[in-house]
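First comes the structure, then the notes that go with it.
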Amino acid sequence: MLKRIATLTLCCLLLASTAFASLTPEVKQTVDAIIKIVTNKELKKPSNEHKRRAAIKKALSVIFDQHEMAKRSLGRYWNQRTPAEQRQFVDLFATLLENSYAGKIESYNNEKILYLKENIEGNYGEVRSKIITPKQDEYSLDYRLLKEPNGRWMVYDVVIEGVSLVANYRTQFNKIITAQGYPELIKKLQAKSNEIKMQ
């Protein structure tokens with residue numbers, strides 16, 4: 001009986017350890033994949049920009065929950081939208097997010113990425129990292145994750161130097177909606193999306 005309890009306890013500890021240790025490797029794997037894309041000499045050619053962006057988009061979709069990020073960015077206005085409007089907003093937001101993230105990551109210049117620690121509280125987790133530039137400048141880059149019903153951990157926010165990407169978008173979107181209405185926000189996002197796709 002004691003042996004069985006000891007075995008079960010060990011299994012629980014191993015499972016807990018595996019769950020706790022699973023966040024950082026998943027984030028690192030995605031970041032490494034994106035860095036590999038943006039440092040690829042062939043993909044860096046201007047003629048391959050669309051191919052490069054498509055590869056980045058595919059890599060991001062592995063661990064970034066764009067639906068959740070879009071929902072949080074729209075804040076209290078999300079539930080006021082119809083399912084069709086929500087789908088439209090997610091699509092437009094995903095294009096904006098991919099372009100924003102790609103624009104930053106494409107400037108990668110041999111920066112060193114250190115993964116400092118991770119925290120898990122219930123269904124929420126965070127992976128903290130630090131970027132060190134060749135000039136030895138440092139800045140923090142943290143990933144906030146949510147455990148989905150299928151057990152998969154997905155990123156729902158990125159915090160750069162203490163500034164939440166989702167909160168920043170939410171502030172911008174709220175200002176536009178409050179001053180000009182939701183249709184105007186969609187109009188601006190569509191214009192930006194078209195501009196990105198024409199690049």
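Numbering starts fresh at 1 for the residues of each chain in the structure tokens, the chains themselves are lettered A, B, ... in the order given, and ligands are numbered from 1 as they appear.
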
Residues of range 77-126 of chain A at most 10 Å from range 133-148 of chain A: nearest atom pair and distance in Å, only C-alpha atoms, as a tab-separated table:
residue	atom	partner	partner_atom	distance
A:Tyr108	CA	A:Thr133	CA	9.3
A:Asn109	CA	A:Thr133	CA	7.8
A:Asn110	CA	A:Pro134	CA	6.9
A:Glu111	CA	A:Thr133	CA	4.6
A:Lys112	CA	A:Thr133	CA	6.4
A:Ile113	CA	A:Thr133	CA	8.9
A:Leu114	CA	A:Ser140	CA	9.6
A:Tyr115	CA	A:Asp142	CA	9.2
A:Leu116	CA	A:Asp142	CA	9.6
A:Lys117	CA	A:Asp142	CA	9.8
A:Glu118	CA	A:Tyr143	CA	9.3
A:Asn119	CA	A:Arg144	CA	9.5
A:Ile120	CA	A:Leu145	CA	9.0
A:Glu121	CA	A:Leu146	CA	10.0
A:Gly122	CA	A:Lys147	CA	8.5
A:Asn123	CA	A:Lys147	CA	4.9
A:Tyr124	CA	A:Leu146	CA	4.8
A:Gly125	CA	A:Leu145	CA	4.9
A:Glu126	CA	A:Arg144	CA	4.4

Need the shell around Tyr77 in chain A: protein/DNA/RNA residues with any atom at most 12 Å away, counting only C-alpha atoms. Skip same-chain ones fewer than 5 positions apart. Format as a compact mmCIF listing (two decimals) with N, CA and C atoms, in the first residue's frame?
# COMPACT_ATOMS: atom_id res chain seq x y z
N ALA A 70 -7.20 38.97 -29.85
CA ALA A 70 -8.14 39.91 -30.47
C ALA A 70 -9.28 40.23 -29.50
N LYS A 71 -9.81 39.21 -28.86
CA LYS A 71 -10.90 39.37 -27.90
C LYS A 71 -10.49 40.29 -26.75
N ARG A 72 -9.32 40.07 -26.19
CA ARG A 72 -8.84 40.90 -25.09
C ARG A 72 -8.52 42.32 -25.54
N THR A 82 -21.50 40.78 -33.21
CA THR A 82 -22.12 39.53 -33.67
C THR A 82 -20.99 38.53 -33.95
N GLU A 85 -19.09 39.56 -36.96
CA GLU A 85 -18.22 40.72 -36.70
C GLU A 85 -16.99 40.30 -35.91
N GLN A 86 -17.16 39.37 -34.99
CA GLN A 86 -16.03 38.87 -34.20
C GLN A 86 -15.02 38.18 -35.10
N PHE A 89 -13.15 40.76 -37.08
CA PHE A 89 -12.19 41.48 -36.25
C PHE A 89 -10.95 40.63 -35.99
N ARG A 170 -5.72 47.70 -26.92
CA ARG A 170 -7.03 47.98 -26.34
C ARG A 170 -7.23 49.48 -26.12
N PHE A 173 -7.79 51.06 -29.57
CA PHE A 173 -9.10 50.71 -30.12
C PHE A 173 -10.22 51.42 -29.36
N ASN A 174 -10.11 51.48 -28.05
CA ASN A 174 -11.12 52.15 -27.24
C ASN A 174 -11.26 53.62 -27.61
N LYS A 175 -10.15 54.28 -27.84
CA LYS A 175 -10.16 55.70 -28.21
C LYS A 175 -10.91 55.91 -29.53
N ILE A 176 -10.62 55.03 -30.49
CA ILE A 176 -11.27 55.17 -31.80
C ILE A 176 -12.76 54.88 -31.69
N ILE A 177 -13.13 53.82 -30.99
CA ILE A 177 -14.54 53.46 -30.85
C ILE A 177 -15.31 54.53 -30.10
N THR A 178 -14.73 55.05 -29.02
CA THR A 178 -15.39 56.09 -28.22
C THR A 178 -15.60 57.36 -29.02
N GLY A 181 -16.71 55.48 -33.24
CA GLY A 181 -17.57 54.31 -33.41
C GLY A 181 -16.83 53.09 -33.92
N TYR A 182 -17.42 51.93 -33.71
CA TYR A 182 -16.80 50.66 -34.12
C TYR A 182 -16.59 50.56 -35.63
N LEU A 185 -13.31 51.97 -36.62
CA LEU A 185 -12.17 51.13 -36.24
C LEU A 185 -11.95 50.07 -37.32

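Nearest to Ile37 in chain A of all the residues A:Asp157, A:Glu49, A:Glu195, A:Asp91 is A:Glu49, based on only C-alpha atoms.
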
task = Return as a VMD selection string the full set of residues in range 2-177 of chain A whose backbone-based DSSP assignment is strand (DSSP E).
result = chain A and resid 112 to 121 124 to 132 138 to 147 153 to 160 163 to 164

Same residues, C-alpha atoms, saved as a PDB file, in the first residue's frame:
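Dumped to out30.pdb:
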ATOM      1  CA  LYS A 112      21.080  37.141 -27.243  1.00  0.00           C
ATOM      2  CA  ILE A 113      17.858  35.820 -25.722  1.00  0.00           C
ATOM      3  CA  LEU A 114      17.932  34.640 -22.138  1.00  0.00           C
ATOM      4  CA  TYR A 115      14.969  32.770 -20.675  1.00  0.00           C
ATOM      5  CA  LEU A 116      14.881  33.758 -17.017  1.00  0.00           C
ATOM      6  CA  LYS A 117      12.000  31.931 -15.381  1.00  0.00           C
ATOM      7  CA  GLU A 118       8.404  30.858 -15.722  1.00  0.00           C
ATOM      8  CA  ASN A 119       5.421  31.001 -13.419  1.00  0.00           C
ATOM      9  CA  ILE A 120       2.182  29.029 -13.477  1.00  0.00           C
ATOM     10  CA  GLU A 121      -0.939  29.910 -11.503  1.00  0.00           C
ATOM     11  CA  TYR A 124      -2.324  31.103 -16.499  1.00  0.00           C
ATOM     12  CA  GLY A 125       1.401  31.098 -17.059  1.00  0.00           C
ATOM     13  CA  GLU A 126       4.217  33.487 -17.884  1.00  0.00           C
ATOM     14  CA  VAL A 127       7.632  32.994 -19.456  1.00  0.00           C
ATOM     15  CA  ARG A 128      10.050  35.820 -18.712  1.00  0.00           C
ATOM     16  CA  SER A 129      12.957  36.526 -21.009  1.00  0.00           C
ATOM     17  CA  LYS A 130      15.606  39.163 -21.551  1.00  0.00           C
ATOM     18  CA  ILE A 131      17.071  40.403 -24.818  1.00  0.00           C
ATOM     19  CA  ILE A 132      20.704  41.508 -24.870  1.00  0.00           C
ATOM     20  CA  GLU A 138      18.978  44.920 -22.323  1.00  0.00           C
ATOM     21  CA  TYR A 139      15.192  44.856 -22.371  1.00  0.00           C
ATOM     22  CA  SER A 140      12.578  42.488 -21.036  1.00  0.00           C
ATOM     23  CA  LEU A 141      10.244  40.436 -23.210  1.00  0.00           C
ATOM     24  CA  ASP A 142       7.654  38.343 -21.384  1.00  0.00           C
ATOM     25  CA  TYR A 143       5.058  35.947 -22.759  1.00  0.00           C
ATOM     26  CA  ARG A 144       1.722  35.416 -21.010  1.00  0.00           C
ATOM     27  CA  LEU A 145       0.033  32.117 -21.693  1.00  0.00           C
ATOM     28  CA  LEU A 146      -3.375  30.575 -21.133  1.00  0.00           C
ATOM     29  CA  LYS A 147      -4.065  26.853 -20.823  1.00  0.00           C
ATOM     30  CA  TRP A 153      -0.655  26.417 -23.562  1.00  0.00           C
ATOM     31  CA  MET A 154      -1.031  29.383 -25.920  1.00  0.00           C
ATOM     32  CA  VAL A 155       0.309  32.943 -25.788  1.00  0.00           C
ATOM     33  CA  TYR A 156      -2.404  35.563 -25.252  1.00  0.00           C
ATOM     34  CA  ASP A 157      -0.173  38.582 -24.589  1.00  0.00           C
ATOM     35  CA  VAL A 158       3.403  39.794 -25.007  1.00  0.00           C
ATOM     36  CA  VAL A 159       4.847  42.323 -22.558  1.00  0.00           C
ATOM     37  CA  ILE A 160       7.778  44.409 -23.762  1.00  0.00           C
ATOM     38  CA  VAL A 163       4.119  47.361 -21.638  1.00  0.00           C
ATOM     39  CA  SER A 164       1.394  44.866 -22.590  1.00  0.00           C
TER      40      SER A 164
END

For Ile186 in chain A: contacts at 9 Å, only C-alpha atoms, fewer than 3 positions along chain excluded, given as a PDB file with C-alpha atoms, in the first residue's frame:
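The file below, result-v6.pdb, is the result:
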ATOM      1  CA  GLN A  88     -13.941  39.704 -39.113  1.00  0.00           C
ATOM      2  CA  PHE A  89     -12.191  41.484 -36.254  1.00  0.00           C
ATOM      3  CA  LEU A  92      -8.021  41.948 -39.243  1.00  0.00           C
ATOM      4  CA  TYR A 182     -16.802  50.664 -34.115  1.00  0.00           C
ATOM      5  CA  PRO A 183     -17.338  50.908 -37.927  1.00  0.00           C
ATOM      6  CA  LEU A 189      -7.998  48.149 -39.682  1.00  0.00           C
ATOM      7  CA  GLN A 190      -9.106  47.202 -43.204  1.00  0.00           C
ATOM      8  CA  ALA A 191      -7.062  50.049 -44.664  1.00  0.00           C
TER       9      ALA A 191
END

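For the pair CA of Ala94 in chain A and CA of Lys28 in chain A, the interatomic distance is 21.0 Å.
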
message = What's around range 42-46 of chain A at 12 Å? Count only C-alpha atoms, leave out sequence neighbours fewer than 4 positions away in its own chain, and write the answer as a list in words.
response = Ile34, Ile35, Lys36, Ile37, Val38, His50, Lys51, Arg52, Arg53, Ala54, Ala55, Ile56, Glu106, Ser107, Tyr108 and Gln199 of chain A

Give me a file of those residues, with C-alpha atoms, as a PDB file, in the first residue's frame.
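File produced: part_24.pdb:
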ATOM      1  CA  ILE A  34      11.018  32.661 -36.291  1.00  0.00           C
ATOM      2  CA  ILE A  35      14.651  33.745 -35.859  1.00  0.00           C
ATOM      3  CA  LYS A  36      15.674  30.966 -38.249  1.00  0.00           C
ATOM      4  CA  ILE A  37      13.207  32.385 -40.801  1.00  0.00           C
ATOM      5  CA  VAL A  38      14.347  36.013 -40.532  1.00  0.00           C
ATOM      6  CA  HIS A  50       5.640  37.500 -48.961  1.00  0.00           C
ATOM      7  CA  LYS A  51       7.138  34.044 -48.567  1.00  0.00           C
ATOM      8  CA  ARG A  52       8.999  35.197 -45.434  1.00  0.00           C
ATOM      9  CA  ARG A  53       5.904  36.777 -43.885  1.00  0.00           C
ATOM     10  CA  ALA A  54       3.866  33.650 -44.645  1.00  0.00           C
ATOM     11  CA  ALA A  55       6.482  31.526 -42.868  1.00  0.00           C
ATOM     12  CA  ILE A  56       6.423  33.878 -39.856  1.00  0.00           C
ATOM     13  CA  GLU A 106      12.900  41.129 -38.812  1.00  0.00           C
ATOM     14  CA  SER A 107      15.310  43.663 -37.319  1.00  0.00           C
ATOM     15  CA  TYR A 108      16.962  40.803 -35.399  1.00  0.00           C
ATOM     16  CA  GLN A 199       3.787  45.654 -49.478  1.00  0.00           C
TER      17      GLN A 199
END

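The two atoms in question, CA of Val27 in chain A and CA of Ile63 in chain A, are spaced 7.3 Å apart.
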
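In this structure, CA of Phe64 in chain A sits 16.5 Å away from CA of Arg87 in chain A.
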